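S.K.: Handing over start.cif, mmCIF, C-alpha atoms and all ligand atoms; chains and numbers go by the auth columns.
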data_query
#
loop_
_atom_site.group_PDB
_atom_site.id
_atom_site.type_symbol
_atom_site.label_atom_id
_atom_site.label_comp_id
_atom_site.label_asym_id
_atom_site.label_seq_id
_atom_site.Cartn_x
_atom_site.Cartn_y
_atom_site.Cartn_z
_atom_site.B_iso_or_equiv
_atom_site.auth_seq_id
_atom_site.auth_asym_id
ATOM 1 C CA MET A 1 155.260 111.533 -70.958 0.00 268 A
ATOM 2 C CA LYS A 2 152.357 109.904 -69.112 0.00 269 A
ATOM 3 C CA PRO A 3 150.313 112.247 -66.851 0.00 270 A
ATOM 4 C CA LYS A 4 151.754 110.510 -63.763 0.00 271 A
ATOM 5 C CA ASP A 5 155.307 111.080 -64.998 0.00 272 A
ATOM 6 C CA VAL A 6 154.521 114.749 -65.679 0.00 273 A
ATOM 7 C CA ILE A 7 153.409 115.150 -62.061 0.00 274 A
ATOM 8 C CA VAL A 8 156.605 113.577 -60.711 0.00 275 A
ATOM 9 C CA TYR A 9 158.679 115.722 -63.098 0.00 276 A
ATOM 10 C CA ASN A 10 156.857 118.893 -61.970 0.00 277 A
ATOM 11 C CA LEU A 11 157.408 118.011 -58.322 0.00 278 A
ATOM 12 C CA GLU A 12 161.103 117.447 -58.914 0.00 279 A
ATOM 13 C CA GLN A 13 161.419 120.803 -60.675 0.00 280 A
ATOM 14 C CA ALA A 14 159.506 122.475 -57.823 0.00 281 A
ATOM 15 C CA LEU A 15 162.174 121.343 -55.368 0.00 282 A
ATOM 16 C CA ASP A 16 164.483 123.950 -56.933 0.00 283 A
ATOM 17 C CA THR A 17 162.208 126.807 -55.906 0.00 284 A
ATOM 18 C CA GLY A 18 162.304 126.203 -52.127 0.00 285 A
ATOM 19 C CA GLY A 19 159.127 125.941 -50.069 0.00 286 A
ATOM 20 C CA CYS A 20 156.578 123.152 -50.306 0.00 287 A
ATOM 21 C CA PRO A 21 156.816 121.449 -53.735 0.00 288 A
ATOM 22 C CA LEU A 22 153.159 120.404 -53.579 0.00 289 A
ATOM 23 C CA CYS A 23 152.010 123.980 -52.912 0.00 290 A
ATOM 24 C CA HIS A 24 154.210 125.225 -55.727 0.00 291 A
ATOM 25 C CA CYS A 25 152.798 122.747 -58.265 0.00 292 A
ATOM 26 C CA LEU A 26 149.192 123.281 -57.163 0.00 293 A
ATOM 27 C CA VAL A 27 149.504 127.065 -57.344 0.00 294 A
ATOM 28 C CA ALA A 28 150.837 126.752 -60.902 0.00 295 A
ATOM 29 C CA ALA A 29 148.168 124.192 -61.883 0.00 296 A
ATOM 30 C CA THR A 30 145.356 126.334 -60.439 0.00 297 A
ATOM 31 C CA LYS A 31 146.661 129.355 -62.283 0.00 298 A
ATOM 32 C CA ARG A 32 146.632 127.406 -65.570 0.00 299 A
ATOM 33 C CA TYR A 33 143.103 126.230 -64.835 0.00 300 A
ATOM 34 C CA LEU A 34 141.911 129.783 -64.085 0.00 301 A
ATOM 35 C CA THR A 35 143.531 131.171 -67.236 0.00 302 A
ATOM 36 C CA ASN A 36 141.669 128.582 -69.325 0.00 303 A
ATOM 37 C CA LEU A 37 138.481 129.283 -67.438 0.00 304 A
ATOM 38 C CA LEU A 38 138.655 133.014 -68.158 0.00 305 A
ATOM 39 C CA TYR A 39 139.056 132.209 -71.846 0.00 306 A
ATOM 40 C CA GLU A 40 136.077 129.823 -71.760 0.00 307 A
ATOM 41 C CA PHE A 41 133.785 132.345 -70.071 0.00 308 A
ATOM 42 C CA VAL A 42 134.085 134.575 -73.102 0.00 309 A
ATOM 43 C CA ASN A 43 133.787 131.783 -75.664 0.00 310 A
ATOM 44 C CA ASP A 44 131.728 128.972 -74.207 0.00 311 A
ATOM 45 C CA PRO A 45 128.118 129.548 -73.037 0.00 312 A
ATOM 46 C CA ARG A 46 128.069 126.117 -71.313 0.00 313 A
ATOM 47 C CA THR A 47 130.810 127.214 -68.927 0.00 314 A
ATOM 48 C CA ARG A 48 128.703 130.229 -68.005 0.00 315 A
ATOM 49 C CA ASP A 49 125.625 128.008 -67.520 0.00 316 A
ATOM 50 C CA GLN A 50 127.594 125.843 -65.092 0.00 317 A
ATOM 51 C CA LEU A 51 128.833 128.864 -63.175 0.00 318 A
ATOM 52 C CA ARG A 52 125.318 130.296 -62.929 0.00 319 A
ATOM 53 C CA ALA A 53 124.036 126.945 -61.609 0.00 320 A
ATOM 54 C CA ALA A 54 126.790 126.925 -58.958 0.00 321 A
ATOM 55 C CA GLY A 55 126.024 130.536 -57.966 0.00 322 A
ATOM 56 C CA GLY A 56 129.543 131.763 -58.815 0.00 323 A
ATOM 57 C CA PHE A 57 132.838 130.949 -57.143 0.00 324 A
ATOM 58 C CA CYS A 58 133.756 130.925 -53.473 0.00 325 A
ATOM 59 C CA ARG A 59 134.987 134.215 -52.010 0.00 326 A
ATOM 60 C CA GLU A 60 138.686 133.302 -52.124 0.00 327 A
ATOM 61 C CA HIS A 61 138.678 132.204 -55.759 0.00 328 A
ATOM 62 C CA SER A 62 136.452 135.087 -56.886 0.00 329 A
ATOM 63 C CA TRP A 63 139.156 137.502 -55.719 0.00 330 A
ATOM 64 C CA VAL A 64 141.997 135.407 -57.062 0.00 331 A
ATOM 65 C CA LEU A 65 140.280 135.518 -60.448 0.00 332 A
ATOM 66 C CA GLN A 66 139.614 139.235 -60.141 0.00 333 A
ATOM 67 C CA ARG A 67 143.300 139.907 -59.500 0.00 334 A
ATOM 68 C CA MET A 68 144.147 138.049 -62.690 0.00 335 A
ATOM 69 C CA GLY A 69 142.396 140.858 -64.549 0.00 336 A
ATOM 70 C CA ASP A 70 140.282 140.325 -67.693 0.00 337 A
ATOM 71 C CA PRO A 71 137.524 142.932 -67.352 0.00 338 A
ATOM 72 C CA LEU A 72 135.582 141.492 -70.318 0.00 339 A
ATOM 73 C CA ALA A 73 135.337 137.963 -68.876 0.00 340 A
ATOM 74 C CA HIS A 74 134.349 139.415 -65.500 0.00 341 A
ATOM 75 C CA SER A 75 131.696 141.630 -67.040 0.00 342 A
ATOM 76 C CA ILE A 76 130.206 138.593 -68.816 0.00 343 A
ATOM 77 C CA ILE A 77 130.342 136.437 -65.659 0.00 344 A
ATOM 78 C CA TYR A 78 128.793 138.999 -63.322 0.00 345 A
ATOM 79 C CA ALA A 79 126.167 140.305 -65.757 0.00 346 A
ATOM 80 C CA ASP A 80 125.071 136.660 -66.062 0.00 347 A
ATOM 81 C CA LEU A 81 125.005 136.031 -62.302 0.00 348 A
ATOM 82 C CA ILE A 82 123.269 139.312 -61.506 0.00 349 A
ATOM 83 C CA ASP A 83 120.624 138.912 -64.240 0.00 350 A
ATOM 84 C CA ALA A 84 119.862 135.367 -63.115 0.00 351 A
ATOM 85 C CA PHE A 85 119.482 136.584 -59.539 0.00 352 A
ATOM 86 C CA CYS A 86 117.231 139.503 -60.548 0.00 353 A
ATOM 87 C CA THR A 87 115.018 137.192 -62.622 0.00 354 A
ATOM 88 C CA GLU A 88 114.666 134.947 -59.635 0.00 355 A
ATOM 89 C CA LEU A 89 113.850 137.876 -57.372 0.00 356 A
ATOM 90 C CA ASP A 90 111.119 138.955 -59.818 0.00 357 A
ATOM 91 C CA GLN A 91 109.668 135.456 -59.963 0.00 358 A
ATOM 92 C CA ASN A 92 109.640 135.107 -56.191 0.00 359 A
ATOM 93 C CA SER A 93 108.430 138.513 -55.139 0.00 360 A
ATOM 94 C CA GLY A 94 104.906 138.369 -53.753 0.00 361 A
ATOM 95 C CA GLY A 95 104.859 134.551 -53.720 0.00 362 A
ATOM 96 C CA PRO A 96 105.304 132.169 -50.760 0.00 363 A
ATOM 97 C CA ARG A 97 108.644 132.464 -48.939 0.00 364 A
ATOM 98 C CA GLY A 98 111.516 130.071 -49.420 0.00 365 A
ATOM 99 C CA GLY A 99 110.628 128.794 -52.859 0.00 366 A
ATOM 100 C CA HIS A 100 114.064 129.146 -54.354 0.00 367 A
ATOM 101 C CA SER A 101 117.629 128.430 -53.300 0.00 368 A
ATOM 102 C CA LEU A 102 119.109 131.794 -54.288 0.00 369 A
ATOM 103 C CA LEU A 103 116.823 133.555 -51.852 0.00 370 A
ATOM 104 C CA ARG A 104 117.709 131.224 -49.007 0.00 371 A
ATOM 105 C CA PRO A 105 121.354 131.806 -48.276 0.00 372 A
ATOM 106 C CA GLU A 106 121.877 128.811 -46.000 0.00 373 A
ATOM 107 C CA LYS A 107 120.513 126.427 -48.632 0.00 374 A
ATOM 108 C CA ALA A 108 122.415 128.170 -51.393 0.00 375 A
ATOM 109 C CA GLU A 109 125.657 127.808 -49.403 0.00 376 A
ATOM 110 C CA ALA A 110 125.085 124.098 -48.936 0.00 377 A
ATOM 111 C CA GLN A 111 124.499 123.591 -52.662 0.00 378 A
ATOM 112 C CA ARG A 112 127.266 125.867 -53.819 0.00 379 A
ATOM 113 C CA ILE A 113 130.286 124.035 -55.095 0.00 380 A
ATOM 114 C CA CYS A 114 133.006 126.341 -56.346 0.00 381 A
ATOM 115 C CA ALA A 115 134.412 124.837 -59.559 0.00 382 A
ATOM 116 C CA VAL A 116 137.932 126.001 -58.681 0.00 383 A
ATOM 117 C CA CYS A 117 137.792 124.445 -55.194 0.00 384 A
ATOM 118 C CA ARG A 118 136.606 121.177 -56.745 0.00 385 A
ATOM 119 C CA GLU A 119 139.359 121.220 -59.349 0.00 386 A
ATOM 120 C CA GLU A 120 141.986 122.089 -56.725 0.00 387 A
ATOM 121 C CA ALA A 121 140.918 119.182 -54.523 0.00 388 A
ATOM 122 C CA ALA A 122 141.153 116.750 -57.456 0.00 389 A
ATOM 123 C CA MET A 123 144.568 118.095 -58.466 0.00 390 A
ATOM 124 C CA GLU A 124 145.811 117.939 -54.897 0.00 391 A
ATOM 125 C CA ASP A 125 144.810 114.302 -54.716 0.00 392 A
ATOM 126 C CA ARG A 126 146.760 113.491 -57.885 0.00 393 A
ATOM 127 C CA TYR A 127 149.810 115.430 -56.690 0.00 394 A
ATOM 128 C CA VAL A 128 149.829 113.804 -53.246 0.00 395 A
ATOM 129 C CA ASP A 129 149.791 110.421 -55.032 0.00 396 A
ATOM 130 C CA GLY A 130 152.565 111.639 -57.322 0.00 397 A
ATOM 131 C CA PHE A 131 154.679 112.700 -54.348 0.00 398 A
ATOM 132 C CA CYS A 132 154.271 109.249 -52.771 0.00 399 A
ATOM 133 C CA ASP A 133 155.382 107.659 -56.086 0.00 400 A
ATOM 134 C CA ALA A 134 158.358 110.030 -56.313 0.00 401 A
ATOM 135 C CA LEU A 135 159.597 108.889 -52.895 0.00 402 A
ATOM 136 C CA ARG A 136 160.626 105.597 -54.531 0.00 403 A
ATOM 137 C CA SER A 137 163.275 107.417 -56.558 0.00 404 A
ATOM 138 C CA GLY A 138 166.682 107.816 -54.903 0.00 405 A
ATOM 139 C CA ASP A 139 167.435 110.968 -56.914 0.00 406 A
ATOM 140 C CA PHE A 140 164.177 112.591 -55.860 0.00 407 A
ATOM 141 C CA ARG A 141 164.815 111.742 -52.214 0.00 408 A
ATOM 142 C CA ALA A 142 168.315 113.178 -52.272 0.00 409 A
ATOM 143 C CA LYS A 143 167.038 116.424 -53.779 0.00 410 A
ATOM 144 C CA TYR A 144 164.093 116.590 -51.398 0.00 411 A
ATOM 145 C CA ARG A 145 166.305 116.042 -48.373 0.00 412 A
ATOM 146 C CA GLN A 146 168.427 119.002 -49.453 0.00 413 A
ATOM 147 C CA ALA A 147 165.565 121.243 -50.557 0.00 414 A
ATOM 148 C CA GLY A 148 163.523 121.374 -47.391 0.00 415 A
ATOM 149 C CA CYS A 149 160.100 120.144 -46.491 0.00 416 A
ATOM 150 C CA LEU A 150 156.379 119.996 -47.145 0.00 417 A
ATOM 151 C CA CYS A 151 154.027 122.564 -45.624 0.00 418 A
ATOM 152 C CA HIS A 152 152.136 121.298 -42.592 0.00 419 A
ATOM 153 C CA PRO A 153 148.822 120.470 -44.378 0.00 420 A
ATOM 154 C CA HIS A 154 150.608 118.620 -47.214 0.00 421 A
ATOM 155 C CA PHE A 155 152.927 116.783 -44.857 0.00 422 A
ATOM 156 C CA ARG A 156 149.900 115.406 -43.019 0.00 423 A
ATOM 157 C CA LYS A 157 148.273 114.303 -46.278 0.00 424 A
ATOM 158 C CA VAL A 158 151.391 112.619 -47.655 0.00 425 A
ATOM 159 C CA TYR A 159 152.322 111.060 -44.301 0.00 426 A
ATOM 160 C CA ASP A 160 148.824 109.576 -44.013 0.00 427 A
ATOM 161 C CA ARG A 161 148.979 108.167 -47.514 0.00 428 A
ATOM 162 C CA VAL A 162 152.371 106.436 -47.556 0.00 429 A
ATOM 163 C CA ARG A 163 152.040 102.859 -46.404 0.00 430 A
ATOM 164 C CA ILE A 164 155.683 101.848 -46.013 0.00 431 A
ATOM 165 C CA LYS A 165 157.204 102.474 -42.608 0.00 432 A
ATOM 166 C CA GLU A 166 160.606 103.362 -44.070 0.00 433 A
ATOM 167 C CA GLU A 167 159.008 106.096 -46.224 0.00 434 A
ATOM 168 C CA GLN A 168 157.257 107.547 -43.179 0.00 435 A
ATOM 169 C CA THR A 169 160.567 107.570 -41.309 0.00 436 A
ATOM 170 C CA PHE A 170 162.294 109.364 -44.188 0.00 437 A
ATOM 171 C CA LEU A 171 159.526 111.993 -44.360 0.00 438 A
ATOM 172 C CA ALA A 172 159.661 112.539 -40.598 0.00 439 A
ATOM 173 C CA GLU A 173 163.450 112.940 -40.661 0.00 440 A
ATOM 174 C CA VAL A 174 163.412 115.604 -43.367 0.00 441 A
ATOM 175 C CA GLN A 175 160.506 117.413 -41.745 0.00 442 A
ATOM 176 C CA ASN A 176 162.133 117.375 -38.333 0.00 443 A
ATOM 177 C CA ALA A 177 165.422 118.727 -39.644 0.00 444 A
ATOM 178 C CA TYR A 178 163.678 121.631 -41.375 0.00 445 A
ATOM 179 C CA LEU A 179 161.420 122.425 -38.438 0.00 446 A
ATOM 180 C CA SER A 180 164.290 122.359 -35.951 0.00 447 A
ATOM 181 C CA ARG A 181 166.042 125.055 -38.000 0.00 448 A
ATOM 182 C CA LEU A 182 162.867 127.115 -38.287 0.00 449 A
ATOM 183 C CA SER A 183 162.148 126.838 -34.582 0.00 450 A
ATOM 184 C CA SER A 184 165.724 127.950 -33.768 0.00 451 A
ATOM 185 C CA GLU A 185 165.310 130.991 -36.010 0.00 452 A
ATOM 186 C CA LEU A 186 162.031 131.929 -34.323 0.00 453 A
ATOM 187 C CA LYS A 187 163.687 131.649 -30.931 0.00 454 A
ATOM 188 C CA GLU A 188 166.617 133.731 -32.147 0.00 455 A
ATOM 189 C CA PHE A 189 164.138 136.412 -33.233 0.00 456 A
ATOM 190 C CA ILE A 190 162.521 136.319 -29.797 0.00 457 A
ATOM 191 C CA ARG A 191 165.936 136.542 -28.108 0.00 458 A
ATOM 192 C CA LYS A 192 166.941 139.605 -30.122 0.00 459 A
ATOM 193 C CA SER A 193 163.635 141.272 -29.296 0.00 460 A
ATOM 194 C CA ASP A 194 164.943 141.521 -25.748 0.00 461 A
ATOM 195 C CA TYR A 195 166.419 145.015 -25.243 0.00 462 A
ATOM 196 C CA ARG A 196 169.650 143.503 -23.889 0.00 463 A
ATOM 197 C CA TYR A 197 170.399 141.921 -27.282 0.00 464 A
ATOM 198 C CA ALA A 198 168.695 144.482 -29.514 0.00 465 A
ATOM 199 C CA HIS A 199 172.074 145.832 -30.697 0.00 466 A
ATOM 200 C CA GLU A 200 172.890 142.529 -32.467 0.00 467 A
ATOM 201 C CA LEU A 201 172.449 142.613 -36.225 0.00 468 A
ATOM 202 C CA PRO A 202 169.449 140.719 -37.623 0.00 469 A
ATOM 203 C CA GLY A 203 170.256 137.443 -39.366 0.00 470 A
ATOM 204 C CA THR A 204 168.234 134.906 -41.355 0.00 471 A
ATOM 205 C CA GLU A 205 165.707 134.873 -38.512 0.00 472 A
ATOM 206 C CA ARG A 206 164.245 138.238 -39.550 0.00 473 A
ATOM 207 C CA ASP A 207 161.573 136.723 -41.827 0.00 474 A
ATOM 208 C CA ALA A 208 161.222 133.401 -39.991 0.00 475 A
ATOM 209 C CA TRP A 209 157.811 134.499 -38.689 0.00 476 A
ATOM 210 C CA ILE A 210 156.504 134.791 -42.275 0.00 477 A
ATOM 211 C CA ARG A 211 158.008 131.442 -43.242 0.00 478 A
ATOM 212 C CA ALA A 212 156.370 129.933 -40.140 0.00 479 A
ATOM 213 C CA VAL A 213 152.900 131.076 -41.240 0.00 480 A
ATOM 214 C CA ARG A 214 153.557 129.843 -44.785 0.00 481 A
ATOM 215 C CA PHE A 215 154.706 126.497 -43.450 0.00 482 A
ATOM 216 C CA TRP A 216 151.769 126.098 -41.091 0.00 483 A
ATOM 217 C CA VAL A 217 148.899 126.843 -43.490 0.00 484 A
ATOM 218 C CA GLY A 218 150.493 126.966 -46.970 0.00 485 A
ATOM 219 C CA PRO A 219 151.006 130.060 -49.170 0.00 486 A
ATOM 220 C CA LEU A 220 148.503 132.886 -49.202 0.00 487 A
ATOM 221 C CA ASP A 221 146.816 132.229 -52.547 0.00 488 A
ATOM 222 C CA VAL A 222 147.357 131.425 -56.193 0.00 489 A
ATOM 223 C CA GLU A 223 149.758 134.329 -56.649 0.00 490 A
ATOM 224 C CA ALA A 224 151.983 133.404 -53.720 0.00 491 A
HETATM 225 ZN ZN ZN B . 152.047 122.579 -49.384 0.00 501 B
HETATM 226 ZN ZN ZN B . 136.824 128.079 -54.471 0.00 502 B
#
Represent the structure from my file as structure tokens, please.

M.R.:
Amino acid sequence: MKPKDVIVYNLEQALDTGGCPLCHCLVAATKRYLTNLLYEFVNDPRTRDQLRAAGGFCREHSWVLQRMGDPLAHSIIYADLIDAFCTELDQNSGGPRGGHSLLRPEKAEAQRICAVCREEAAMEDRYVDGFCDALRSGDFRAKYRQAGCLCHPHFRKVYDRVRIKEEQTFLAEVQNAYLSRLSSELKEFIRKSDYRYAHELPGTERDAWIRAVRFWVGPLDVEA
């Protein structure tokens, strides 16, 4: 299968899981990327050089990686980062201020590019393209219409990228149908919060508030 076909296939499979198919595929792809990365940290000094140059990962991905475990890879990564920082501190102490990026947080932040963030952005771009391609398949559309919707951030990206009016209309229809149901469930939750209706048994609306957050911003992180 060509890489483009693999993406469309993955998206179609993701429709079975419920939730945003793009989020589902990207979470899985990021997890695969991180698993490979952990392996490379132990075995490939060039990967560690690149990480040292970038000053580590962003906060979110540092913790995602930490929760994946692998104490050996983490020990290698952080011994490297800490030693590089200490060397720099030694070289700078007593000299003129502001000579080096690590000691100037605002400059370091501007230069810092988390490798996982960069990879995620590139993957997201490919998957958004793949979703637009998939919309040309009748089977995919039928399944998508049944399965639900895209999260808010991915809907905006896909909606902006499709160029055919009919495809935009289809996307809007599916999104509207899903959001109408979600909005009704939220309102049902609010209604039952009123003491006059508090005796009614909870229904599907009980976790609508969590689904609303997930829809609005996407899932929590790579493990979601
Ligand atoms: Zn999404
Ligand atoms: Zn990151």

S.K.: Pick out the residues no farther than 9 Å from ligand ZN 502 (chain B), counting only C-alpha atoms and all ligand atoms, and list them as JSON, numbers by chain.

M.R.: {"A": [324, 325, 326, 327, 328, 329, 380, 381, 382, 383, 384, 385, 386, 387]}

S.K.: Could you spell out the hits of the PyMOL selection byres (((chain A and resi 479) around 10) and not hetatm) on the shown file, as a PDB file with C-alpha atoms, in the coordinates of the input?

M.R.:
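The result, stored in out_18.pdb:
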ATOM      1  CA  CYS A 418     154.027 122.564 -45.624  1.00  0.00           C
ATOM      2  CA  HIS A 419     152.136 121.298 -42.592  1.00  0.00           C
ATOM      3  CA  LEU A 446     161.420 122.425 -38.438  1.00  0.00           C
ATOM      4  CA  LEU A 449     162.867 127.115 -38.287  1.00  0.00           C
ATOM      5  CA  SER A 450     162.148 126.838 -34.582  1.00  0.00           C
ATOM      6  CA  GLU A 452     165.310 130.991 -36.010  1.00  0.00           C
ATOM      7  CA  LEU A 453     162.031 131.929 -34.323  1.00  0.00           C
ATOM      8  CA  ASP A 474     161.573 136.723 -41.827  1.00  0.00           C
ATOM      9  CA  ALA A 475     161.222 133.401 -39.991  1.00  0.00           C
ATOM     10  CA  TRP A 476     157.811 134.499 -38.689  1.00  0.00           C
ATOM     11  CA  ILE A 477     156.504 134.791 -42.275  1.00  0.00           C
ATOM     12  CA  ARG A 478     158.008 131.442 -43.242  1.00  0.00           C
ATOM     13  CA  VAL A 480     152.900 131.076 -41.240  1.00  0.00           C
ATOM     14  CA  ARG A 481     153.557 129.843 -44.785  1.00  0.00           C
ATOM     15  CA  PHE A 482     154.706 126.497 -43.450  1.00  0.00           C
ATOM     16  CA  TRP A 483     151.769 126.098 -41.091  1.00  0.00           C
ATOM     17  CA  VAL A 484     148.899 126.843 -43.490  1.00  0.00           C
ATOM     18  CA  GLY A 485     150.493 126.966 -46.970  1.00  0.00           C
TER      19      GLY A 485
END

S.K.: Residues of chain A within 12 Å of ligand ZN 501 (chain B): nearest atom pair and distance (Å, one decimal) for each, counting all atoms listed in the file, sorted by chain and number, as JSON lines?

M.R.:
{"residue": "A:Leu278", "atom": "CA", "partner": "B:ZN501", "partner_atom": "ZN", "distance": 11.4}
{"residue": "A:Ala281", "atom": "CA", "partner": "B:ZN501", "partner_atom": "ZN", "distance": 11.3}
{"residue": "A:Leu282", "atom": "CA", "partner": "B:ZN501", "partner_atom": "ZN", "distance": 11.8}
{"residue": "A:Gly285", "atom": "CA", "partner": "B:ZN501", "partner_atom": "ZN", "distance": 11.2}
{"residue": "A:Gly286", "atom": "CA", "partner": "B:ZN501", "partner_atom": "ZN", "distance": 7.9}
{"residue": "A:Cys287", "atom": "CA", "partner": "B:ZN501", "partner_atom": "ZN", "distance": 4.7}
{"residue": "A:Pro288", "atom": "CA", "partner": "B:ZN501", "partner_atom": "ZN", "distance": 6.6}
{"residue": "A:Leu289", "atom": "CA", "partner": "B:ZN501", "partner_atom": "ZN", "distance": 4.9}
{"residue": "A:Cys290", "atom": "CA", "partner": "B:ZN501", "partner_atom": "ZN", "distance": 3.8}
{"residue": "A:His291", "atom": "CA", "partner": "B:ZN501", "partner_atom": "ZN", "distance": 7.2}
{"residue": "A:Cys292", "atom": "CA", "partner": "B:ZN501", "partner_atom": "ZN", "distance": 8.9}
{"residue": "A:Leu293", "atom": "CA", "partner": "B:ZN501", "partner_atom": "ZN", "distance": 8.3}
{"residue": "A:Val294", "atom": "CA", "partner": "B:ZN501", "partner_atom": "ZN", "distance": 9.5}
{"residue": "A:Glu391", "atom": "CA", "partner": "B:ZN501", "partner_atom": "ZN", "distance": 9.5}
{"residue": "A:Tyr394", "atom": "CA", "partner": "B:ZN501", "partner_atom": "ZN", "distance": 10.5}
{"residue": "A:Val395", "atom": "CA", "partner": "B:ZN501", "partner_atom": "ZN", "distance": 9.8}
{"residue": "A:Phe398", "atom": "CA", "partner": "B:ZN501", "partner_atom": "ZN", "distance": 11.4}
{"residue": "A:Gly415", "atom": "CA", "partner": "B:ZN501", "partner_atom": "ZN", "distance": 11.7}
{"residue": "A:Cys416", "atom": "CA", "partner": "B:ZN501", "partner_atom": "ZN", "distance": 8.9}
{"residue": "A:Leu417", "atom": "CA", "partner": "B:ZN501", "partner_atom": "ZN", "distance": 5.5}
{"residue": "A:Cys418", "atom": "CA", "partner": "B:ZN501", "partner_atom": "ZN", "distance": 4.2}
{"residue": "A:His419", "atom": "CA", "partner": "B:ZN501", "partner_atom": "ZN", "distance": 6.9}
{"residue": "A:Pro420", "atom": "CA", "partner": "B:ZN501", "partner_atom": "ZN", "distance": 6.3}
{"residue": "A:His421", "atom": "CA", "partner": "B:ZN501", "partner_atom": "ZN", "distance": 4.7}
{"residue": "A:Phe422", "atom": "CA", "partner": "B:ZN501", "partner_atom": "ZN", "distance": 7.4}
{"residue": "A:Arg423", "atom": "CA", "partner": "B:ZN501", "partner_atom": "ZN", "distance": 9.8}
{"residue": "A:Lys424", "atom": "CA", "partner": "B:ZN501", "partner_atom": "ZN", "distance": 9.6}
{"residue": "A:Val425", "atom": "CA", "partner": "B:ZN501", "partner_atom": "ZN", "distance": 10.1}
{"residue": "A:Val480", "atom": "CA", "partner": "B:ZN501", "partner_atom": "ZN", "distance": 11.8}
{"residue": "A:Arg481", "atom": "CA", "partner": "B:ZN501", "partner_atom": "ZN", "distance": 8.7}
{"residue": "A:Phe482", "atom": "CA", "partner": "B:ZN501", "partner_atom": "ZN", "distance": 7.6}
{"residue": "A:Trp483", "atom": "CA", "partner": "B:ZN501", "partner_atom": "ZN", "distance": 9.0}
{"residue": "A:Val484", "atom": "CA", "partner": "B:ZN501", "partner_atom": "ZN", "distance": 7.9}
{"residue": "A:Gly485", "atom": "CA", "partner": "B:ZN501", "partner_atom": "ZN", "distance": 5.2}
{"residue": "A:Pro486", "atom": "CA", "partner": "B:ZN501", "partner_atom": "ZN", "distance": 7.6}
{"residue": "A:Leu487", "atom": "CA", "partner": "B:ZN501", "partner_atom": "ZN", "distance": 10.9}
{"residue": "A:Asp488", "atom": "CA", "partner": "B:ZN501", "partner_atom": "ZN", "distance": 11.4}
{"residue": "A:Ala491", "atom": "CA", "partner": "B:ZN501", "partner_atom": "ZN", "distance": 11.7}

S.K.: Just the selected residues (C-alpha atoms), exported as a PDB file, in the frame of the given file, please.

M.R.:
ATOM      1  CA  LEU A 278     157.408 118.011 -58.322  1.00  0.00           C
ATOM      2  CA  ALA A 281     159.506 122.475 -57.823  1.00  0.00           C
ATOM      3  CA  LEU A 282     162.174 121.343 -55.368  1.00  0.00           C
ATOM      4  CA  GLY A 285     162.304 126.203 -52.127  1.00  0.00           C
ATOM      5  CA  GLY A 286     159.127 125.941 -50.069  1.00  0.00           C
ATOM      6  CA  CYS A 287     156.578 123.152 -50.306  1.00  0.00           C
ATOM      7  CA  PRO A 288     156.816 121.449 -53.735  1.00  0.00           C
ATOM      8  CA  LEU A 289     153.159 120.404 -53.579  1.00  0.00           C
ATOM      9  CA  CYS A 290     152.010 123.980 -52.912  1.00  0.00           C
ATOM     10  CA  HIS A 291     154.210 125.225 -55.727  1.00  0.00           C
ATOM     11  CA  CYS A 292     152.798 122.747 -58.265  1.00  0.00           C
ATOM     12  CA  LEU A 293     149.192 123.281 -57.163  1.00  0.00           C
ATOM     13  CA  VAL A 294     149.504 127.065 -57.344  1.00  0.00           C
ATOM     14  CA  GLU A 391     145.811 117.939 -54.897  1.00  0.00           C
ATOM     15  CA  TYR A 394     149.810 115.430 -56.690  1.00  0.00           C
ATOM     16  CA  VAL A 395     149.829 113.804 -53.246  1.00  0.00           C
ATOM     17  CA  PHE A 398     154.679 112.700 -54.348  1.00  0.00           C
ATOM     18  CA  GLY A 415     163.523 121.374 -47.391  1.00  0.00           C
ATOM     19  CA  CYS A 416     160.100 120.144 -46.491  1.00  0.00           C
ATOM     20  CA  LEU A 417     156.379 119.996 -47.145  1.00  0.00           C
ATOM     21  CA  CYS A 418     154.027 122.564 -45.624  1.00  0.00           C
ATOM     22  CA  HIS A 419     152.136 121.298 -42.592  1.00  0.00           C
ATOM     23  CA  PRO A 420     148.822 120.470 -44.378  1.00  0.00           C
ATOM     24  CA  HIS A 421     150.608 118.620 -47.214  1.00  0.00           C
ATOM     25  CA  PHE A 422     152.927 116.783 -44.857  1.00  0.00           C
ATOM     26  CA  ARG A 423     149.900 115.406 -43.019  1.00  0.00           C
ATOM     27  CA  LYS A 424     148.273 114.303 -46.278  1.00  0.00           C
ATOM     28  CA  VAL A 425     151.391 112.619 -47.655  1.00  0.00           C
ATOM     29  CA  VAL A 480     152.900 131.076 -41.240  1.00  0.00           C
ATOM     30  CA  ARG A 481     153.557 129.843 -44.785  1.00  0.00           C
ATOM     31  CA  PHE A 482     154.706 126.497 -43.450  1.00  0.00           C
ATOM     32  CA  TRP A 483     151.769 126.098 -41.091  1.00  0.00           C
ATOM     33  CA  VAL A 484     148.899 126.843 -43.490  1.00  0.00           C
ATOM     34  CA  GLY A 485     150.493 126.966 -46.970  1.00  0.00           C
ATOM     35  CA  PRO A 486     151.006 130.060 -49.170  1.00  0.00           C
ATOM     36  CA  LEU A 487     148.503 132.886 -49.202  1.00  0.00           C
ATOM     37  CA  ASP A 488     146.816 132.229 -52.547  1.00  0.00           C
ATOM     38  CA  ALA A 491     151.983 133.404 -53.720  1.00  0.00           C
TER      39      ALA A 491
END

S.K.: So how far away is atom CA of A:Gln413 from atom CA of A:Ser451, in Å?

M.R.: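 Straight-line distance from atom CA of A:Ser451 to atom CA of A:Gln413 works out to 18.3 Å.
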
S.K.: Which distance in Å separates atom CA of A:Ser342 and atom CA of A:Ala296, to one decimal?

M.R.: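 According to the coordinates, atom CA of A:Ser342 and atom CA of A:Ala296 are separated by 24.5 Å.
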